[in-house]
Structure formats: structure tokens, C-alpha cells
$ cat coords.csv   # CSV, C-alpha atoms
chain,number,residue,atom,x,y,z
A,107,TYR,CA,5.5,18.0,24.8
A,108,VAL,CA,7.2,20.2,27.4
A,109,GLN,CA,7.5,18.2,30.6
A,110,LYS,CA,7.4,19.7,34.1
A,111,ASP,CA,11.2,19.7,34.3
A,112,LYS,CA,11.2,21.6,31.0
A,113,SER,CA,12.6,18.7,29.1
A,114,THR,CA,10.8,17.9,25.8
A,115,ARG,CA,9.3,14.7,24.3
A,116,LYS,CA,8.5,14.3,20.7
A,117,ASP,CA,5.8,12.1,19.2
A,118,THR,CA,4.9,11.7,15.5
A,119,GLN,CA,1.3,11.2,14.7
A,120,LEU,CA,-1.0,11.2,11.7
A,121,GLY,CA,-3.2,14.3,12.0
A,122,GLY,CA,-5.0,17.3,10.7
A,123,GLY,CA,-8.6,18.0,11.2
A,124,GLY,CA,-9.5,16.6,7.8
A,125,PHE,CA,-7.8,13.3,8.5
A,126,TRP,CA,-9.4,12.9,11.9
A,127,ALA,CA,-12.8,13.6,10.3
A,128,CYS,CA,-12.2,10.8,7.8
A,129,ALA,CA,-10.8,8.5,10.5
A,130,GLY,CA,-13.8,9.1,12.7
A,131,ALA,CA,-16.2,8.6,9.9
A,132,ARG,CA,-14.8,5.0,9.5
A,133,ILE,CA,-16.7,4.1,12.6
A,134,TRP,CA,-19.9,4.2,10.6
A,135,LEU,CA,-18.9,4.2,6.9
A,136,LYS,CA,-16.9,2.0,4.6
A,137,PRO,CA,-13.7,3.3,3.0
A,138,ASN,CA,-15.4,3.6,-0.5
A,139,ALA,CA,-17.8,6.1,1.1
A,140,ILE,CA,-15.0,8.5,2.1
A,141,CYS,CA,-12.2,10.1,0.2
A,142,MET,CA,-9.5,12.7,1.1
A,143,PRO,CA,-6.7,14.3,-0.9
A,144,VAL,CA,-3.6,13.3,1.0
A,145,GLY,CA,-1.1,15.7,-0.6
A,146,GLY,CA,1.8,13.2,-1.0
A,147,ASN,CA,2.7,10.9,-3.9
A,148,SER,CA,2.2,7.6,-2.2
A,149,LEU,CA,2.5,5.7,1.1
A,150,THR,CA,6.2,5.8,0.6
A,151,ASP,CA,6.1,9.5,1.6
A,152,LEU,CA,5.3,8.4,5.1
A,153,PRO,CA,7.4,6.6,7.8
A,154,GLY,CA,6.5,2.9,8.0
A,155,GLN,CA,4.5,3.1,11.2
A,156,LEU,CA,2.3,6.0,9.9
A,157,ALA,CA,1.9,4.3,6.5
A,158,GLY,CA,0.6,1.2,8.2
A,159,GLN,CA,-1.9,3.2,10.2
A,160,LEU,CA,-3.2,4.9,7.0
A,161,GLU,CA,-3.5,1.5,5.3
A,162,LYS,CA,-5.6,0.0,8.2
A,163,LEU,CA,-8.3,2.6,7.5
A,164,ASP,CA,-8.5,1.7,3.9
A,165,VAL,CA,-9.5,-1.5,2.0
A,166,GLN,CA,-7.2,-2.4,-0.9
A,167,ASP,CA,-9.7,-4.2,-3.1
A,168,GLU,CA,-12.2,-1.3,-3.1
A,169,ILE,CA,-11.9,2.3,-4.2
A,170,SER,CA,-9.2,3.9,-2.0
A,171,MET,CA,-10.3,6.6,0.4
A,172,TRP,CA,-6.9,8.3,-0.1
A,173,ILE,CA,-6.3,10.5,-3.2
A,174,TRP,CA,-2.6,10.8,-4.0
A,175,ARG,CA,-1.1,13.3,-6.3
A,176,GLU,CA,-1.0,12.1,-9.9
A,177,GLU,CA,2.2,14.0,-10.7
A,178,ARG,CA,5.3,12.9,-8.9
A,179,THR,CA,6.5,16.3,-7.7
A,180,GLY,CA,8.9,15.1,-5.2
A,181,GLY,CA,7.3,17.1,-2.4
A,182,SER,CA,6.6,15.4,0.9
A,183,ILE,CA,3.2,15.2,2.7
A,184,LEU,CA,2.1,18.2,4.6
A,185,GLN,CA,3.7,18.3,8.1
A,186,SER,CA,3.0,20.5,11.1
A,187,GLU,CA,4.3,20.8,14.6
A,188,ILE,CA,2.1,21.2,17.7
A,189,LYS,CA,3.8,22.1,20.9
A,190,TYR,CA,2.1,21.5,24.3
A,191,ASP,CA,3.4,23.4,27.3
A,192,GLY,CA,1.0,22.7,30.1
A,193,HIS,CA,-2.4,23.9,28.8
A,194,GLU,CA,-0.7,26.1,26.3
A,195,ARG,CA,-0.6,25.0,22.7
A,196,SER,CA,1.3,26.4,19.7
A,197,PHE,CA,1.0,25.3,16.0
A,198,ARG,CA,3.1,25.8,12.9
A,199,TYR,CA,3.5,24.2,9.5
A,200,LEU,CA,6.9,22.7,8.8
A,201,ASN,CA,6.5,22.7,5.0
A,202,PRO,CA,3.6,25.1,4.2
A,203,ARG,CA,1.9,25.0,0.8
A,204,ASP,CA,-1.1,26.5,-0.8
A,205,PRO,CA,-4.4,24.7,0.3
A,206,LEU,CA,-6.2,22.7,-2.4
A,207,THR,CA,-9.4,24.0,-4.0
A,208,LEU,CA,-12.0,21.9,-5.8
A,209,SER,CA,-10.7,23.1,-9.1
A,210,CYS,CA,-7.4,21.4,-8.4
A,211,ILE,CA,-9.0,17.9,-8.0
A,212,PRO,CA,-9.0,15.8,-11.2
A,213,SER,CA,-12.5,15.8,-12.8
A,214,THR,CA,-12.7,12.0,-12.6
A,215,SER,CA,-12.4,12.0,-8.8
A,216,GLN,CA,-15.3,10.7,-6.7
A,217,ILE,CA,-15.0,13.9,-4.6
A,218,HIS,CA,-17.0,15.8,-7.2
A,219,SER,CA,-20.1,13.6,-6.5
A,220,ALA,CA,-19.7,13.6,-2.7
A,221,ARG,CA,-22.7,14.2,-0.5
A,222,TYR,CA,-20.6,16.1,2.0
A,223,LEU,CA,-17.5,18.1,1.4
A,224,HIS,CA,-15.3,18.9,4.4
A,225,PHE,CA,-12.9,21.8,3.8
A,226,CYS,CA,-10.0,22.8,6.0
A,227,CYS,CA,-8.5,25.9,4.5
A,228,PRO,CA,-8.5,29.7,4.8
A,229,PRO,CA,-11.9,31.3,4.1
A,230,SER,CA,-10.7,32.9,0.9
A,231,ASN,CA,-9.8,29.5,-0.5
A,232,LEU,CA,-13.2,28.2,0.5
A,233,SER,CA,-14.8,31.0,-1.4
A,234,SER,CA,-13.1,29.8,-4.6
A,235,SER,CA,-14.3,26.2,-4.0
A,236,LEU,CA,-17.8,27.4,-3.3
A,237,GLU,CA,-17.8,29.2,-6.7
A,238,HIS,CA,-16.7,25.9,-8.3
A,239,LEU,CA,-19.5,24.1,-6.5
A,240,LEU,CA,-22.0,26.2,-8.5
A,241,THR,CA,-20.9,24.2,-11.6
A,242,TYR,CA,-22.0,20.9,-10.1
A,243,PRO,CA,-25.3,19.3,-11.1
A,244,GLY,CA,-26.2,18.6,-7.5
A,245,ARG,CA,-25.6,20.4,-4.2
A,246,SER,CA,-23.0,18.9,-1.9
A,247,LEU,CA,-23.3,19.8,1.8
A,248,VAL,CA,-20.4,21.9,3.0
A,249,VAL,CA,-18.5,21.4,6.2
A,250,TYR,CA,-16.0,24.1,7.0
A,251,GLU,CA,-13.2,23.8,9.5
A,252,PRO,CA,-10.9,26.9,9.5
A,253,ILE,CA,-7.2,26.3,9.2
A,254,PRO,CA,-5.3,27.5,12.3
A,255,SER,CA,-3.0,29.9,10.4
A,256,ALA,CA,-6.0,31.7,9.0
A,257,CYS,CA,-7.9,32.2,12.3
A,258,SER,CA,-7.2,35.9,12.8
A,259,PRO,CA,-9.0,39.2,12.4
A,260,ASP,CA,-7.3,39.6,9.0
A,261,HIS,CA,-9.6,36.8,7.7
A,262,TYR,CA,-12.8,37.9,9.4
A,263,SER,CA,-14.2,39.6,6.4
A,264,ALA,CA,-13.6,36.6,4.2
A,265,LEU,CA,-15.2,34.3,6.8
A,266,ARG,CA,-18.2,36.6,7.0
A,267,ASP,CA,-18.7,36.3,3.3
A,268,VAL,CA,-18.6,32.5,3.1
A,269,LEU,CA,-20.5,31.5,6.3
A,270,PRO,CA,-24.0,31.9,4.8
A,271,ASN,CA,-23.0,29.3,2.2
A,272,VAL,CA,-21.6,26.8,4.7
A,273,ASP,CA,-23.9,24.1,6.1
A,274,ILE,CA,-21.8,23.1,9.1
A,275,PHE,CA,-19.1,25.4,10.6
A,276,SER,CA,-16.7,23.5,12.8
A,277,PRO,CA,-13.9,25.4,14.5
A,278,ASN,CA,-12.3,24.2,17.8
A,279,HIS,CA,-12.7,26.3,20.9
A,280,GLU,CA,-9.5,28.3,20.3
A,281,GLU,CA,-10.2,29.0,16.6
A,282,LEU,CA,-13.7,30.3,17.6
A,283,GLU,CA,-12.2,33.3,19.4
A,284,LEU,CA,-9.2,34.1,17.2
A,285,PHE,CA,-11.2,35.7,14.3
A,286,PHE,CA,-11.9,38.6,16.7
A,287,ASP,CA,-9.6,41.4,18.0
A,288,ILE,CA,-8.8,41.0,21.6
A,289,SER,CA,-11.0,44.1,22.4
A,290,GLU,CA,-14.0,42.4,20.7
A,291,ARG,CA,-13.7,39.0,22.4
A,292,ILE,CA,-16.3,37.8,24.8
A,293,PRO,CA,-15.0,38.1,28.4
A,294,HIS,CA,-17.0,35.3,30.1
A,295,GLU,CA,-14.8,33.6,32.7
A,296,ASP,CA,-16.9,30.4,32.4
A,297,PHE,CA,-15.5,28.4,29.5
A,298,TYR,CA,-18.9,26.9,28.5
A,299,GLN,CA,-20.8,30.1,28.6
A,300,ARG,CA,-18.1,31.8,26.5
A,301,ILE,CA,-18.4,29.2,23.8
A,302,GLU,CA,-22.2,29.4,23.8
A,303,SER,CA,-22.1,33.2,23.6
A,304,TYR,CA,-19.7,33.2,20.6
A,305,CYS,CA,-22.1,30.8,18.7
A,306,GLU,CA,-25.3,32.6,19.6
A,307,THR,CA,-24.3,36.2,19.5
A,308,ARG,CA,-21.5,36.2,16.9
A,309,TYR,CA,-21.4,33.3,14.4
A,310,HIS,CA,-25.1,32.7,13.9
A,311,ASP,CA,-25.5,36.5,13.3
A,312,LEU,CA,-22.9,36.1,10.6
A,313,GLY,CA,-25.0,33.5,8.8
A,314,ALA,CA,-23.7,30.2,10.3
A,315,LYS,CA,-26.6,27.7,10.3
A,316,THR,CA,-25.1,24.8,12.2
A,317,ILE,CA,-22.0,25.1,14.4
A,318,ILE,CA,-20.1,22.3,15.9
A,319,VAL,CA,-17.3,23.5,18.3
A,320,ARG,CA,-14.7,20.8,19.0
A,321,ALA,CA,-13.4,21.5,22.5
A,322,GLY,CA,-11.3,18.4,23.4
A,323,SER,CA,-11.8,17.2,26.9
A,324,HIS,CA,-14.4,20.0,27.3
A,325,GLU,CA,-16.7,17.9,25.0
A,326,SER,CA,-18.3,19.4,21.8
A,327,PHE,CA,-20.9,22.1,21.6
A,328,ILE,CA,-23.6,21.9,18.8
A,329,SER,CA,-25.8,24.9,18.0
A,330,ASN,CA,-28.2,24.1,15.2
A,331,ARG,CA,-30.6,26.5,13.3
A,332,ASN,CA,-31.1,24.3,10.3
A,333,GLU,CA,-34.2,22.1,10.5
A,334,ALA,CA,-32.7,19.8,7.9
A,335,PHE,CA,-30.3,18.6,10.5
A,336,GLY,CA,-32.9,17.9,13.1
A,337,LYS,CA,-33.8,19.6,16.4
A,338,ILE,CA,-33.3,23.4,16.5
A,339,GLY,CA,-31.3,24.3,19.6
A,340,SER,CA,-28.0,23.7,21.3
A,341,GLU,CA,-26.3,21.2,23.6
A,342,TRP,CA,-23.0,19.9,24.8
A,343,LEU,CA,-22.0,16.4,23.8
A,344,PRO,CA,-19.3,14.1,25.1
A,345,PRO,CA,-16.8,12.4,22.8
A,346,TYR,CA,-18.0,9.2,21.0
A,347,ARG,CA,-16.5,6.1,22.4
A,348,THR,CA,-16.8,2.5,21.2
A,349,PRO,CA,-18.0,0.0,23.8
A,350,THR,CA,-14.7,-1.8,23.7
A,351,LYS,CA,-12.5,1.2,24.3
A,352,ARG,CA,-13.4,3.4,27.2
A,353,LEU,CA,-10.9,6.2,27.7
A,354,ARG,CA,-10.2,8.3,30.8
A,355,TRP,CA,-10.7,12.0,30.4
A,356,SER,CA,-7.1,12.6,31.4
A,357,ARG,CA,-6.0,10.9,28.2
A,358,ILE,CA,-7.7,13.4,26.0
A,359,GLN,CA,-5.7,16.4,25.0
A,360,LEU,CA,-7.3,19.7,26.0
A,361,ALA,CA,-6.8,21.5,22.7
A,362,LEU,CA,-7.6,18.9,20.0
A,363,GLY,CA,-9.2,15.9,21.7
A,364,ILE,CA,-6.5,13.6,20.3
A,365,VAL,CA,-6.1,10.4,22.3
A,366,PHE,CA,-2.6,9.1,23.3
$ encode --input "coords.csv" --output "C-alpha cells"
Amino acid sequence: YVQKDKSTRKDTQLGGGGFWACAGARIWLKPNAICMPVGGNSLTDLPGQLAGQLEKLDVQDEISMWIWREERTGGSILQSEIKYDGHERSFRYLNPRDPLTLSCIPSTSQIHSARYLHFCCPPSNLSSSLEHLLTYPGRSLVVYEPIPSACSPDHYSALRDVLPNVDIFSPNHEELELFFDISERIPHEDFYQRIESYCETRYHDLGAKTIIVRAGSHESFISNRNEAFGKIGSEWLPPYRTPTKRLRWSRIQLALGIVF
């Protein structure tokens, strides 16, 4: 974090959109109903404080919600750096690696029988996993969250190809715009109208059925055209808060909605 006097403060957190989706799901679901490939070999790949936080979400005497690598490759867990300077945010991976696809997951994993599959990857990698899904006996529902480094016009064509096969498309408000060239972006000055316009006039036209835009302290925007998910229409929703932990808006980061 860049302070007003231009000094910096560092803070290490568990993160990633996939992780926060799993952590949020724990409000309603037991650990054995959720699973996520973690990318490391074991909890020893994490600093003690972070390993403890990861363990709290899990239950040791049931099926673990974390899927560790079976081969001890010596590589560390995926790490990224997010820099905040006022309302500006930059993102980069510190140890980038190729995203996982379904074909990389061991055939014995419970992932292959999941009701919902949440992907956070470039659209080209999602295409590979969608092809693998065709070999499944049942149809898992697909949630797609684009990876920040792949949110650019270079990936627009691949995104256009996969969106009709995605059940829920969930970018954040920055990623929503970045697939378009600057000359093609919607010029609305009003933040909320701009987000709504992208969903209604761009992404639904590309085949997106249900869109959930995560906009941090600006709330979340849902635009649904799939009757299987309930009411057809759109609306803005505030963050979910448990009764015992009411949080001030000022404590929610603008870009990601992460609470400090």
C-alpha cells in the first residue's frame, strides 16, 4: 500500500478469486462440499500464519477441501503482488505458472463429480476444460472468473467462443472493461450505468447467460437471463455480512472487496 507520504506498507494475505469463492462458500457449506486445487505440496509451503488460516476453513476428520499436488515438485504456492496507490491498483504474479485444466486433476478427485466448477484462468484454458467436461457423465455448472493477466483485447476472441458454454460469468468491474480496446469502451461517467451497459449491450450479446460483477465497495451487479437461476432481470446487491460482524464501507477495498 502506498501511503499519502509515498511510503509503502506490505501485508501478506491468502487470496485469489478462487480462494475467496471457497472461503465465502464456507458460510453455507461444509468443507467436504467444497474442493480447490491449491498448487503447493502441503501447508508447509505457507508461512505459519497463513497455514493456520487455511486450516481453520477445513475439517481434518473429513475429506479435505484443499487438493495438494501429489508430486513433490519443490515449487512454491502461486504468489501475486497487488499494489494500491490511492484508488489505483496494479497486479502481477511473482511466480507465474500455467493455469490448471481439468485434465490435470487426478481422475480420483471429487472435483470431477462437482455440481459447480469455478474456473479462474485465461479463456483459452477454459476452452480446454470445457472440452474435457464433455467426457463427464453429468453436466457440472460452470462459473468463470477471468484471470487478470488475460483480461485484454488479445483474449477477446477466445472469451467470445467460451461464454455461450459458461453458466455464470463473474469478472470484477475492472476486468469487465479490459477485454475491449480503449476506443470500444463504454464512456458512461456514472460507474453504475457503465457496468450495467457492459453487461446488457456487450456480454449478454456474446452469449453470457448470468453475469455477476464483483465491484468491491460499489457492491455487486447481477444480470440474469437464465430462468434456472431464478428471476430474469438485473439488480445491485450489497456484500453479504454475518450478523456478528458488521463492517464499515471504508474497510472494504475498492477494487477487490477484501476486508482488512
$ residues_around --input "coords.csv" --residues "region 236-241 of chain A" --least-positions-apart "5" --cutoff "10 Å" --atoms "all atoms listed in the file" --output "NGL selection string"
:A and (207-209 or 218 or 230-231 or 246 or 248 or 268 or 271-272)
$ write_last_selection --input "coords.csv" --atoms "C-alpha atoms" --output "tab-separated table (two decimals), keeping the file's coordinate frame"
chain	number	residue	atom	x	y	z
A	207	THR	CA	-9.40	24.00	-4.00
A	208	LEU	CA	-12.00	21.90	-5.80
A	209	SER	CA	-10.70	23.10	-9.10
A	218	HIS	CA	-17.00	15.80	-7.20
A	230	SER	CA	-10.70	32.90	0.90
A	231	ASN	CA	-9.80	29.50	-0.50
A	246	SER	CA	-23.00	18.90	-1.90
A	248	VAL	CA	-20.40	21.90	3.00
A	268	VAL	CA	-18.60	32.50	3.10
A	271	ASN	CA	-23.00	29.30	2.20
A	272	VAL	CA	-21.60	26.80	4.70
$ closest_atom_pairs --input "coords.csv" --of "region 258-341 of chain A" --to "region 188-200 of chain A" --cutoff "12 Å" --atoms "all atoms listed in the file" --output "CSV"
residue,atom,partner,partner_atom,distance
A:Glu280,CA,A:Arg195,CA,9.8
A:Glu281,CA,A:Phe197,CA,11.8
A:Gly322,CA,A:His193,CA,11.8
A:Ser323,CA,A:His193,CA,11.7
$ closest_residue --input "coords.csv" --among "A:Glu295, A:Asp164, A:Asp267, A:Asp151" --to "Arg132 (chain A)" --atoms "all atoms listed in the file"
A:Asp164
$ residues_around --input "coords.csv" --residues "Ala139 (chain A)" --least-positions-apart "6" --cutoff "10 Å" --atoms "all atoms listed in the file" --output "list of chain:residue names"
A:Cys128, A:Ala131, A:Arg132, A:Ile169, A:Ser170, A:Met171, A:Gln216, A:Ala220, A:Arg221
$ atom_distance --input "coords.csv" --atom1 "CA of Gly339 (chain A)" --atom2 "CA of Ser289 (chain A)"
28.5 Å
$ closest_residue --input "coords.csv" --among "A:Ile173, A:Ala127, A:Cys305, A:Ile253" --to "Pro212 (chain A)" --atoms "only C-alpha atoms"
A:Ile173
$ residues_around --input "coords.csv" --residues "Gly313 (chain A)" --least-positions-apart "5" --cutoff "8 Å" --atoms "only C-alpha atoms" --output "JSON, numbers by chain"
{"A": [266, 269, 270]}
$ atom_distance --input "coords.csv" --atom1 "CA of Asn332 (chain A)" --atom2 "CA of Tyr222 (chain A)"
15.7 Å
$ decode --input "coords.csv" --residues "region 236-256 of chain A" --atoms "N, CA and C atoms" --output "PDB file, in the first residue's frame"
ATOM      1  N   LEU A 236     -13.540 -27.091 -20.866  1.00  0.00           N
ATOM      2  CA  LEU A 236     -14.912 -27.311 -21.334  1.00  0.00           C
ATOM      3  C   LEU A 236     -14.983 -28.527 -22.259  1.00  0.00           C
ATOM      4  N   GLU A 237     -13.951 -28.716 -23.071  1.00  0.00           N
ATOM      5  CA  GLU A 237     -13.906 -29.904 -23.923  1.00  0.00           C
ATOM      6  C   GLU A 237     -13.809 -31.169 -23.069  1.00  0.00           C
ATOM      7  N   HIS A 238     -13.013 -31.095 -21.995  1.00  0.00           N
ATOM      8  CA  HIS A 238     -12.877 -32.245 -21.098  1.00  0.00           C
ATOM      9  C   HIS A 238     -14.199 -32.547 -20.403  1.00  0.00           C
ATOM     10  N   LEU A 239     -14.972 -31.504 -20.113  1.00  0.00           N
ATOM     11  CA  LEU A 239     -16.270 -31.685 -19.454  1.00  0.00           C
ATOM     12  C   LEU A 239     -17.218 -32.539 -20.293  1.00  0.00           C
ATOM     13  N   LEU A 240     -17.040 -32.520 -21.596  1.00  0.00           N
ATOM     14  CA  LEU A 240     -17.915 -33.294 -22.477  1.00  0.00           C
ATOM     15  C   LEU A 240     -17.774 -34.792 -22.240  1.00  0.00           C
ATOM     16  N   THR A 241     -16.674 -35.205 -21.601  1.00  0.00           N
ATOM     17  CA  THR A 241     -16.469 -36.628 -21.319  1.00  0.00           C
ATOM     18  C   THR A 241     -17.126 -37.054 -20.010  1.00  0.00           C
ATOM     19  N   TYR A 242     -17.680 -36.097 -19.253  1.00  0.00           N
ATOM     20  CA  TYR A 242     -18.297 -36.404 -17.966  1.00  0.00           C
ATOM     21  C   TYR A 242     -19.693 -36.988 -18.182  1.00  0.00           C
ATOM     22  N   PRO A 243     -20.129 -37.901 -17.301  1.00  0.00           N
ATOM     23  CA  PRO A 243     -21.479 -38.456 -17.434  1.00  0.00           C
ATOM     24  C   PRO A 243     -22.570 -37.439 -17.113  1.00  0.00           C
ATOM     25  N   GLY A 244     -22.273 -36.479 -16.225  1.00  0.00           N
ATOM     26  CA  GLY A 244     -23.243 -35.440 -15.864  1.00  0.00           C
ATOM     27  C   GLY A 244     -22.708 -34.073 -16.238  1.00  0.00           C
ATOM     28  N   ARG A 245     -23.558 -33.073 -16.200  1.00  0.00           N
ATOM     29  CA  ARG A 245     -23.175 -31.719 -16.596  1.00  0.00           C
ATOM     30  C   ARG A 245     -22.961 -30.849 -15.364  1.00  0.00           C
ATOM     31  N   SER A 246     -21.711 -30.505 -15.066  1.00  0.00           N
ATOM     32  CA  SER A 246     -21.429 -29.556 -13.991  1.00  0.00           C
ATOM     33  C   SER A 246     -21.740 -28.144 -14.472  1.00  0.00           C
ATOM     34  N   LEU A 247     -22.202 -27.300 -13.553  1.00  0.00           N
ATOM     35  CA  LEU A 247     -22.422 -25.896 -13.885  1.00  0.00           C
ATOM     36  C   LEU A 247     -21.089 -25.158 -13.817  1.00  0.00           C
ATOM     37  N   VAL A 248     -20.843 -24.305 -14.786  1.00  0.00           N
ATOM     38  CA  VAL A 248     -19.539 -23.656 -14.928  1.00  0.00           C
ATOM     39  C   VAL A 248     -19.616 -22.188 -14.520  1.00  0.00           C
ATOM     40  N   VAL A 249     -18.770 -21.823 -13.555  1.00  0.00           N
ATOM     41  CA  VAL A 249     -18.590 -20.427 -13.153  1.00  0.00           C
ATOM     42  C   VAL A 249     -17.226 -19.993 -13.680  1.00  0.00           C
ATOM     43  N   TYR A 250     -17.187 -18.897 -14.410  1.00  0.00           N
ATOM     44  CA  TYR A 250     -15.912 -18.454 -14.980  1.00  0.00           C
ATOM     45  C   TYR A 250     -15.544 -17.069 -14.481  1.00  0.00           C
ATOM     46  N   GLU A 251     -14.374 -16.999 -13.866  1.00  0.00           N
ATOM     47  CA  GLU A 251     -13.787 -15.742 -13.406  1.00  0.00           C
ATOM     48  C   GLU A 251     -12.496 -15.525 -14.189  1.00  0.00           C
ATOM     49  N   PRO A 252     -12.426 -14.525 -15.054  1.00  0.00           N
ATOM     50  CA  PRO A 252     -11.219 -14.353 -15.869  1.00  0.00           C
ATOM     51  C   PRO A 252     -10.015 -13.975 -15.016  1.00  0.00           C
ATOM     52  N   ILE A 253      -8.867 -14.510 -15.389  1.00  0.00           N
ATOM     53  CA  ILE A 253      -7.639 -14.201 -14.672  1.00  0.00           C
ATOM     54  C   ILE A 253      -7.151 -12.818 -15.110  1.00  0.00           C
ATOM     55  N   PRO A 254      -6.678 -11.974 -14.190  1.00  0.00           N
ATOM     56  CA  PRO A 254      -6.349 -10.585 -14.547  1.00  0.00           C
ATOM     57  C   PRO A 254      -5.402 -10.442 -15.735  1.00  0.00           C
ATOM     58  N   SER A 255      -4.374 -11.282 -15.801  1.00  0.00           N
ATOM     59  CA  SER A 255      -3.381 -11.138 -16.866  1.00  0.00           C
ATOM     60  C   SER A 255      -3.946 -11.458 -18.245  1.00  0.00           C
ATOM     61  N   ALA A 256      -5.106 -12.112 -18.302  1.00  0.00           N
ATOM     62  CA  ALA A 256      -5.711 -12.465 -19.591  1.00  0.00           C
ATOM     63  C   ALA A 256      -6.877 -11.556 -19.945  1.00  0.00           C
TER      64      ALA A 256
END
